[in-house]
>>> print(open('structure-v6.cif').read())   # mmCIF, C-alpha atoms
data_work
#
loop_
_atom_site.label_atom_id
_atom_site.label_comp_id
_atom_site.auth_asym_id
_atom_site.auth_seq_id
_atom_site.Cartn_x
_atom_site.Cartn_y
_atom_site.Cartn_z
CA MET A 1 -44.16 8.15 152.79
CA THR A 2 -40.68 8.28 151.27
CA ARG A 3 -38.61 11.25 152.47
CA VAL A 4 -36.17 12.56 149.86
CA LEU A 5 -33.48 15.24 150.04
CA HIS A 6 -32.06 16.50 146.74
CA VAL A 7 -28.74 18.35 146.98
CA THR A 8 -26.86 20.43 144.41
CA GLU A 9 -24.42 23.31 144.12
CA ALA A 10 -25.34 23.86 140.45
CA MET A 11 -28.79 25.39 140.87
CA SER A 12 -29.02 26.92 137.42
CA SER A 13 -29.48 26.02 133.77
CA GLY A 14 -29.92 22.30 133.01
CA VAL A 15 -29.36 20.98 136.53
CA LEU A 16 -31.97 23.39 137.87
CA SER A 17 -34.49 22.10 135.33
CA LEU A 18 -33.72 18.49 136.14
CA VAL A 19 -33.95 18.95 139.93
CA ASP A 20 -37.21 20.83 139.43
CA ARG A 21 -38.64 18.01 137.33
CA ILE A 22 -37.67 15.09 139.52
CA SER A 23 -38.73 16.81 142.76
CA ARG A 24 -42.05 17.81 141.19
CA ARG A 25 -42.79 14.31 139.92
CA GLN A 26 -41.91 12.79 143.29
CA ALA A 27 -44.12 15.26 145.17
CA GLU A 28 -46.97 14.36 142.82
CA GLU A 29 -46.48 10.73 143.86
CA GLY A 30 -46.86 11.64 147.53
CA ALA A 31 -43.22 11.77 148.65
CA ALA A 32 -41.93 14.36 151.12
CA VAL A 33 -39.30 16.19 149.08
CA ASP A 34 -36.79 18.91 149.98
CA VAL A 35 -34.09 20.55 147.87
CA LEU A 36 -30.90 21.76 149.56
CA PHE A 37 -28.68 23.94 147.41
CA ALA A 38 -25.73 26.31 147.33
CA PRO A 39 -26.18 29.09 144.76
CA ARG A 40 -24.04 30.12 141.81
CA PRO A 41 -23.94 33.62 140.29
CA ASP A 42 -26.62 32.61 137.77
CA THR A 43 -28.92 30.95 140.33
CA PRO A 44 -32.37 32.62 140.35
CA SER A 45 -33.60 34.45 143.43
CA ASP A 46 -35.46 32.60 146.16
CA ALA A 47 -38.71 34.20 144.99
CA ALA A 48 -38.12 33.06 141.41
CA LEU A 49 -37.27 29.54 142.55
CA ARG A 50 -40.31 29.38 144.81
CA GLY A 51 -42.48 30.38 141.87
CA ARG A 52 -40.93 27.67 139.73
CA PHE A 53 -40.86 24.64 142.05
CA ASP A 54 -43.89 22.66 143.13
CA PRO A 55 -45.27 24.28 146.33
CA ARG A 56 -45.02 20.90 148.09
CA VAL A 57 -41.23 20.86 147.62
CA GLY A 58 -39.18 22.48 150.39
CA LEU A 59 -36.26 24.71 149.36
CA GLU A 60 -33.24 25.50 151.54
CA ARG A 61 -30.48 27.81 150.31
CA VAL A 62 -27.00 27.60 151.87
CA SER A 63 -25.07 30.76 151.08
CA THR A 64 -22.00 32.34 152.68
CA GLY A 65 -20.85 34.64 149.89
CA SER A 66 -17.88 32.43 149.00
CA ARG A 67 -18.06 29.38 146.74
CA LEU A 68 -15.48 27.46 148.77
CA ARG A 69 -17.23 28.25 152.05
CA ASP A 70 -20.56 27.40 150.42
CA LEU A 71 -19.32 23.88 149.68
CA HIS A 72 -18.24 23.47 153.31
CA ALA A 73 -21.59 24.80 154.50
CA LEU A 74 -23.37 22.44 152.08
CA SER A 75 -21.44 19.52 153.56
CA THR A 76 -22.49 20.57 157.07
CA ALA A 77 -26.11 20.96 156.03
CA VAL A 78 -26.19 17.56 154.31
CA THR A 79 -24.84 15.95 157.47
CA ARG A 80 -27.49 17.75 159.55
CA ARG A 81 -30.37 16.75 157.27
CA ALA A 82 -29.33 13.14 156.56
CA ALA A 83 -30.97 11.70 159.67
CA GLU A 84 -34.33 13.20 158.67
CA VAL A 85 -34.71 11.43 155.31
CA ASP A 86 -34.78 8.02 153.71
CA VAL A 87 -32.71 8.98 150.67
CA VAL A 88 -30.21 11.70 149.74
CA HIS A 89 -29.96 12.33 145.99
CA LEU A 90 -26.90 14.38 144.97
CA HIS A 91 -26.80 16.24 141.65
CA SER A 92 -23.69 17.47 139.77
CA SER A 93 -20.02 16.84 140.41
CA TYR A 94 -19.21 19.13 143.33
CA ALA A 95 -22.33 18.21 145.32
CA GLY A 96 -21.64 14.58 144.45
CA ALA A 97 -18.15 14.74 145.89
CA VAL A 98 -18.97 16.88 148.94
CA GLY A 99 -22.11 14.92 149.78
CA ARG A 100 -20.60 11.47 149.44
CA LEU A 101 -17.56 12.41 151.51
CA ALA A 102 -19.82 13.84 154.22
CA LEU A 103 -22.18 10.86 154.26
CA ARG A 104 -19.81 7.96 153.77
CA ARG A 105 -19.89 7.03 157.47
CA MET A 106 -23.46 8.20 158.13
CA LEU A 107 -25.58 6.52 155.46
CA PRO A 108 -25.09 3.27 153.55
CA ALA A 109 -24.44 3.52 149.83
CA ASP A 110 -27.93 2.15 149.11
CA ARG A 111 -29.45 5.36 150.45
CA VAL A 112 -27.10 7.87 148.77
CA PHE A 113 -27.85 8.47 145.09
CA TYR A 114 -25.69 10.47 142.71
CA SER A 115 -26.53 11.91 139.26
CA PRO A 116 -23.56 13.72 137.66
CA HIS A 117 -25.56 15.18 134.73
CA GLY A 118 -22.37 14.97 132.71
CA PHE A 119 -19.28 13.46 134.35
CA ALA A 120 -16.63 16.10 135.04
CA PHE A 121 -13.88 13.82 133.71
CA LEU A 122 -15.38 14.31 130.24
CA ARG A 123 -14.51 18.01 130.31
CA LEU A 124 -12.16 18.85 127.47
CA ASP A 125 -11.51 22.34 128.84
CA VAL A 126 -9.32 21.01 131.65
CA PRO A 127 -5.90 19.29 131.31
CA ALA A 128 -5.76 15.53 130.86
CA PRO A 129 -4.05 14.90 134.24
CA VAL A 130 -6.88 16.74 135.99
CA ARG A 131 -9.48 14.67 134.13
CA HIS A 132 -7.63 11.51 135.14
CA GLY A 133 -7.64 12.61 138.77
CA ILE A 134 -11.36 13.36 138.67
CA ARG A 135 -12.10 9.95 137.19
CA SER A 136 -10.04 8.26 139.91
CA LEU A 137 -11.96 10.18 142.58
CA GLU A 138 -15.28 9.26 140.95
CA ARG A 139 -14.28 5.61 140.97
CA VAL A 140 -13.53 5.72 144.70
CA LEU A 141 -16.69 7.68 145.58
CA ALA A 142 -18.85 5.31 143.51
CA ARG A 143 -18.36 2.77 146.31
CA HIS A 144 -20.19 5.14 148.67
CA SER A 145 -23.27 5.74 146.52
CA THR A 146 -25.75 4.41 144.00
CA LEU A 147 -25.37 6.01 140.58
CA ALA A 148 -28.56 7.23 138.91
CA LEU A 149 -27.56 7.99 135.32
CA THR A 150 -29.83 9.96 133.03
CA SER A 151 -29.09 8.22 129.71
CA PRO A 152 -28.06 4.76 128.50
CA SER A 153 -24.79 6.09 127.07
CA GLU A 154 -23.92 7.75 130.40
CA TYR A 155 -24.63 4.42 132.11
CA ALA A 156 -22.39 2.57 129.62
CA LEU A 157 -19.59 5.07 130.25
CA ALA A 158 -19.91 4.68 134.02
CA GLU A 159 -19.78 0.89 133.76
CA THR A 160 -16.60 1.05 131.68
CA ALA A 161 -14.77 3.91 133.41
CA LEU A 162 -15.86 3.48 137.03
CA ARG A 163 -17.12 -0.09 137.44
CA PRO A 164 -19.59 1.04 140.12
CA PRO A 165 -21.07 -1.54 142.51
CA ARG A 166 -24.54 0.04 142.08
CA ALA A 167 -25.78 1.90 138.98
CA HIS A 168 -29.13 2.41 137.28
CA VAL A 169 -30.56 4.38 134.37
CA LEU A 170 -33.13 6.97 135.48
CA ARG A 171 -34.03 8.76 132.27
CA THR A 172 -35.22 12.33 132.43
CA GLY A 173 -37.36 14.16 129.92
CA ILE A 174 -40.24 16.58 129.54
CA PRO A 175 -43.97 16.30 130.30
CA SER A 176 -45.93 14.54 127.57
CA THR A 177 -48.22 17.58 127.48
CA SER A 178 -45.24 19.60 126.19
CA VAL A 179 -44.92 17.57 122.99
CA ARG A 180 -46.21 19.49 120.01
CA GLY A 181 -49.48 18.17 118.61
CA GLN A 182 -48.52 18.07 114.95
CA ALA A 183 -45.49 18.32 112.71
CA ARG A 184 -44.17 21.75 111.82
CA ALA A 185 -45.22 23.24 108.50
CA VAL A 186 -42.25 23.62 106.16
CA ASP A 187 -42.27 26.67 103.91
CA PRO A 188 -39.65 26.09 101.19
CA ASP A 189 -39.75 29.78 100.26
CA ARG A 190 -38.89 31.08 103.73
CA ARG A 191 -35.24 31.47 104.72
CA PRO A 192 -34.69 28.77 107.35
CA VAL A 193 -33.24 29.33 110.82
CA VAL A 194 -30.58 27.09 112.37
CA GLY A 195 -30.60 27.40 116.14
CA MET A 196 -28.80 26.35 119.30
CA ILE A 197 -30.07 26.48 122.89
CA GLY A 198 -27.59 26.79 125.76
CA ARG A 199 -25.08 28.89 127.60
CA VAL A 200 -22.10 30.21 125.66
CA THR A 201 -19.52 27.99 127.34
CA ALA A 202 -16.77 25.64 126.21
CA GLN A 203 -19.01 22.64 126.87
CA LYS A 204 -21.45 23.80 124.18
CA ALA A 205 -18.68 24.33 121.57
CA PRO A 206 -19.87 27.70 120.23
CA TRP A 207 -16.91 27.87 117.84
CA ARG A 208 -18.31 24.80 116.07
CA PHE A 209 -21.67 26.52 115.66
CA ALA A 210 -19.91 29.61 114.34
CA SER A 211 -17.91 27.53 111.86
CA VAL A 212 -21.06 25.95 110.42
CA ALA A 213 -22.67 29.38 110.24
CA ARG A 214 -19.76 30.75 108.23
CA ALA A 215 -19.93 27.78 105.85
CA LEU A 216 -23.69 27.99 105.28
CA THR A 217 -24.55 31.66 105.73
CA ASP A 218 -25.85 31.75 102.14
CA ARG A 219 -28.52 29.18 103.04
CA ALA A 220 -29.86 30.13 106.51
CA ASP A 221 -29.89 32.48 109.47
CA PHE A 222 -28.10 31.28 112.63
CA LEU A 223 -29.50 31.93 116.11
CA TRP A 224 -27.94 31.10 119.48
CA ILE A 225 -30.57 31.17 122.23
CA GLY A 226 -28.72 31.88 125.46
CA GLY A 227 -25.69 33.89 126.41
CA GLY A 228 -22.38 34.06 128.19
CA SER A 229 -19.76 36.60 129.11
CA ASP A 230 -18.99 39.34 126.59
CA ARG A 231 -15.46 38.00 126.38
CA ASP A 232 -16.58 34.46 125.52
CA GLU A 233 -19.08 35.65 122.94
CA ARG A 234 -16.45 37.80 121.20
CA ARG A 235 -13.82 35.07 121.36
CA TRP A 236 -15.94 32.24 120.00
CA PHE A 237 -18.32 33.98 117.60
CA GLY A 238 -16.09 36.79 116.37
CA ASP A 239 -17.37 38.06 113.04
CA SER A 240 -19.50 34.98 112.33
CA PRO A 241 -23.11 35.52 111.18
CA VAL A 242 -24.59 34.33 114.49
CA ARG A 243 -27.19 36.28 116.46
CA VAL A 244 -26.92 35.69 120.21
CA THR A 245 -30.04 36.43 122.25
CA GLY A 246 -28.54 36.46 125.74
CA TRP A 247 -30.55 35.06 128.64
CA VAL A 248 -34.28 34.77 127.89
CA SER A 249 -37.32 33.95 130.04
CA PRO A 250 -38.99 30.52 129.71
CA ALA A 251 -41.89 32.14 127.84
CA ARG A 252 -39.54 33.86 125.39
CA LEU A 253 -37.56 30.64 124.99
CA ALA A 254 -40.73 28.83 123.89
CA GLU A 255 -41.42 31.58 121.35
CA LEU A 256 -37.88 31.45 119.95
CA ILE A 257 -37.86 27.66 119.68
CA ASP A 258 -40.85 27.91 117.37
CA THR A 259 -38.78 30.01 114.96
CA ILE A 260 -36.07 27.32 114.57
CA ASP A 261 -36.13 24.95 111.60
CA ILE A 262 -33.02 22.93 112.52
CA LEU A 263 -31.29 22.50 115.87
CA LEU A 264 -27.50 22.41 115.57
CA PHE A 265 -26.23 20.98 118.88
CA PRO A 266 -22.43 20.52 118.63
CA THR A 267 -21.63 20.04 122.33
CA LEU A 268 -18.49 18.35 123.65
CA TRP A 269 -20.08 16.50 126.57
CA GLU A 270 -23.52 16.11 128.17
CA GLY A 271 -25.51 14.02 130.58
CA MET A 272 -28.96 14.19 128.98
CA SER A 273 -29.74 17.64 127.56
CA LEU A 274 -33.27 18.90 128.18
CA SER A 275 -32.75 21.57 125.51
CA LEU A 276 -32.20 18.87 122.91
CA ILE A 277 -35.18 16.88 124.17
CA GLN A 278 -37.33 20.01 124.09
CA ALA A 279 -36.35 20.69 120.48
CA GLN A 280 -37.28 17.14 119.43
CA ALA A 281 -40.60 17.56 121.24
CA HIS A 282 -41.22 20.69 119.14
CA GLY A 283 -40.64 18.65 115.99
CA ILE A 284 -37.27 20.23 115.20
CA PRO A 285 -34.81 18.00 113.31
CA ALA A 286 -31.47 17.95 115.12
CA VAL A 287 -27.86 17.81 113.99
CA VAL A 288 -25.83 16.79 117.04
CA SER A 289 -22.32 15.79 118.00
CA ASP A 290 -21.75 12.18 118.98
CA ALA A 291 -21.56 12.96 122.70
CA ILE A 292 -22.87 11.16 125.77
CA GLY A 293 -26.62 11.87 126.02
CA ASN A 294 -26.91 13.39 122.54
CA ARG A 295 -26.85 9.99 120.89
CA ASP A 296 -29.70 8.87 123.18
CA SER A 297 -31.93 11.85 122.32
CA VAL A 298 -31.87 11.59 118.52
CA GLU A 299 -32.79 8.64 116.31
CA PRO A 300 -29.99 8.79 113.71
CA GLY A 301 -31.25 9.32 110.19
CA ILE A 302 -34.85 9.47 111.43
CA THR A 303 -35.22 12.49 113.72
CA GLY A 304 -31.83 14.03 112.92
CA PHE A 305 -28.16 13.24 112.43
CA VAL A 306 -25.47 12.24 114.94
CA CYS A 307 -22.12 13.52 113.66
CA ALA A 308 -18.60 12.30 114.40
CA ASP A 309 -16.71 15.46 113.45
CA ASP A 310 -17.02 19.08 112.34
CA GLU A 311 -17.20 18.23 108.64
CA GLU A 312 -20.18 15.95 109.28
CA LEU A 313 -21.91 18.76 111.19
CA VAL A 314 -21.64 20.97 108.10
CA ARG A 315 -22.73 18.23 105.68
CA ALA A 316 -25.74 17.18 107.76
CA THR A 317 -26.90 20.75 108.30
CA ARG A 318 -26.51 21.51 104.58
CA ARG A 319 -28.50 18.39 103.69
CA LEU A 320 -31.43 19.45 105.86
CA LEU A 321 -31.31 23.02 104.58
CA ASP A 322 -31.36 21.86 100.96
CA ASP A 323 -34.19 19.34 101.44
CA PRO A 324 -37.37 20.85 102.97
CA ALA A 325 -39.22 17.55 102.46
CA LEU A 326 -36.63 15.75 104.59
CA ARG A 327 -37.06 18.37 107.30
CA GLY A 328 -40.81 17.73 107.23
CA ARG A 329 -40.39 13.96 107.57
CA MET A 330 -37.90 14.32 110.39
CA SER A 331 -40.17 16.81 112.16
CA ASP A 332 -43.01 14.28 112.22
CA ALA A 333 -40.65 11.49 113.32
CA ALA A 334 -39.22 13.67 116.11
CA LEU A 335 -42.67 14.18 117.59
CA GLN A 336 -43.40 10.46 117.52
CA TRP A 337 -40.03 9.72 119.12
CA ALA A 338 -40.55 12.39 121.80
CA ARG A 339 -43.93 10.93 122.78
CA ARG A 340 -42.48 7.42 122.84
CA GLY A 341 -39.12 7.91 124.52
CA LEU A 342 -38.44 11.43 125.79
CA THR A 343 -41.18 12.19 128.34
CA ASP A 344 -40.84 12.20 132.12
CA ASP A 345 -44.39 11.33 133.20
CA ALA A 346 -43.16 8.18 134.96
CA LEU A 347 -40.06 9.79 136.51
CA GLY A 348 -41.60 10.25 139.96
CA ARG A 349 -42.92 6.72 140.18
CA ASP A 350 -39.78 5.13 138.72
CA SER A 351 -37.35 7.10 140.90
CA LEU A 352 -39.28 6.41 144.09
CA GLU A 353 -39.48 2.72 143.26
CA LEU A 354 -35.72 2.71 142.70
CA TYR A 355 -35.22 4.38 146.09
CA ARG A 356 -37.57 1.97 147.85
CA ARG A 357 -35.86 -1.12 146.45
CA SER A 358 -32.50 0.26 147.45
CA VAL A 359 -33.60 1.22 150.97
CA ALA A 360 -35.26 -2.19 151.43
CA ARG A 361 -32.02 -3.86 150.39
CA ASP A 362 -30.14 -1.80 152.97
CA ARG A 363 -32.60 -2.62 155.74
CA SER A 364 -32.58 -6.33 154.91
CA GLY A 365 -28.79 -6.39 154.99
CA ALA A 366 -28.57 -7.68 151.41
CA VAL A 367 -25.29 -7.15 149.59
#
>>> encode(input="structure-v6.cif", output="structure tokens")
Amino acid sequence: MTRVLHVTEAMSSGVLSLVDRISRRQAEEGAAVDVLFAPRPDTPSDAALRGRFDPRVGLERVSTGSRLRDLHALSTAVTRRAAEVDVVHLHSSYAGAVGRLALRRMLPADRVFYSPHGFAFLRLDVPAPVRHGIRSLERVLARHSTLALTSPSEYALAETALRPPRAHVLRTGIPSTSVRGQARAVDPDRRPVVGMIGRVTAQKAPWRFASVARALTDRADFLWIGGGSDRDERRWFGDSPVRVTGWVSPARLAELIDTIDILLFPTLWEGMSLSLIQAQAHGIPAVVSDAIGNRDSVEPGITGFVCADDEELVRATRRLLDDPALRGRMSDAALQWARRGLTDDALGRDSLELYRRSVARDRSGAV
């Protein structure tokens, strides 16, 4: 039995969903799986997490009341747990840094996996010198781990920017049972809805969504599913014709997704967005920015459009709004693509096989 410890300090939003999915799939394959995490303000309660995760997955929260102390406590806990497992899999940038520094003299790089879910040096909301420093640190720490990247474009970036000794693509997705059974009916007489799913943060570029809404308000309603601080919502949406739902439950999210005719996903950086994958699996044509991960989730010109700049976002959205027949064709194509390339049914088997090969290499002394 393979013993796996997943570690993150970003137990919310997309990373939470991804850790839930990979730990669930691995438990289904018979692995002994634990999740060690430090909470953030938006991390669900222990009861909510326990209700969400597979009952076979162990959960351990490390919380001191201070984010800085939490990271130190997480480092201590990782060190304590490392001897009990075959593999430690770190998720997100802070856990990746803290965990690899803590384990660099305890475990060989073949047994320490790292998934950034969007490299921090891609962040455009921090100064360029800071991004350069983060990339330099990532390059050094890559020597002490095996990278498990969640999309081909993230893998290509890592190969170019970091030149890691060990890197693999471990694509995430959604269960095949979540893919809609048939294409969405298109009613040309109903006012369409253009939607976005995500937190109102700089990464998701809400001002881009607002700009498209202002340009096309005569053609559609614009809905942002998710929320942020009151300050951010006022700053980025202003007087634009965008309705913001705030945080919604998973059940309500599913209901709202079914009201969307077009997904407008203008993000600045990603790893592999489950929100975008989920929309494709609901047969929703997508207009996306040409960001890491986004370009792997949409078949350009077939299930949606991948756009290089803000003007292309407006043009592509307008084209879909003005052509209901095109929306119908792309809806059907999105479902076929989701079934073929965006499901995670093999994630448990594939990830455990990756671990086993890596651990066997370590134990054999292979370089």
>>> atom_distance(input="structure-v6.cif", atom1="CA of Leu137 (chain A)", atom2="CA of Phe121 (chain A)")
9.8 Å
>>> closest_residue(input="structure-v6.cif", among="A:Gly246, A:Ala148, A:Ile225, A:Leu313", to="Phe209 (chain A)", atoms="only C-alpha atoms")
A:Leu313
>>> resolve_selection(input="structure-v6.cif", expression="the PyMOL selection byres ((chain A and resi 297) around 8)", output="count of residues only")
10
>>> atom_distance(input="structure-v6.cif", atom1="CA of Ile260 (chain A)", atom2="CA of Leu223 (chain A)")
8.2 Å
>>> closest_atom_pairs(input="structure-v6.cif", of="region 67-163 of chain A", to="region 34-39 of chain A", cutoff="8 Å", atoms="only C-alpha atoms", output="CSV")
residue,atom,partner,partner_atom,distance
A:Asp70,CA,A:Ala38,CA,6.1
A:Leu71,CA,A:Ala38,CA,7.2
A:Leu74,CA,A:Ala38,CA,6.6
A:Val78,CA,A:Leu36,CA,7.9
>>> residues_near_point(input="structure-v6.cif", point="(-35.3, 24.4, 149.0)", cutoff="12 Å", atoms="only C-alpha atoms", output="ChimeraX atom specification")
/A:4-9,11,16,19-20,23,33-39,45-62
>>> closest_residue(input="structure-v6.cif", among="A:Arg208, A:Arg3, A:Arg234, A:Arg361", to="Ala109 (chain A)", atoms="all atoms listed in the file")
A:Arg361
>>> resolve_selection(input="structure-v6.cif", expression="the PyMOL selection byres ((chain A and resi 242-244) around 12)", output="VMD selection string")
chain A and resid 193 to 200 206 to 217 220 to 230 232 to 234 236 to 241 245 to 248 256
>>> residues_near_point(input="structure-v6.cif", point="(-27.1, 22.0, 108.1)", cutoff="8 Å", atoms="only C-alpha atoms", output="list in words")
Val194, Val212, Leu216, Ile262, Leu264, Val287, Leu313, Val314, Arg315, Ala316, Thr317, Arg318, Arg319, Leu320 and Leu321 of chain A
>>> closest_residue(input="structure-v6.cif", among="A:Val179, A:Ala82, A:Ile292, A:Val306", to="Leu149 (chain A)", atoms="all atoms listed in the file")
A:Ile292
>>> resolve_selection(input="structure-v6.cif", expression="the PyMOL selection byres ((chain A and resi 99) around 12)", output="VMD selection string")
chain A and resid 5 to 9 36 to 37 71 to 82 88 to 98 100 to 107 109 112 to 115 141 to 142 144 to 145
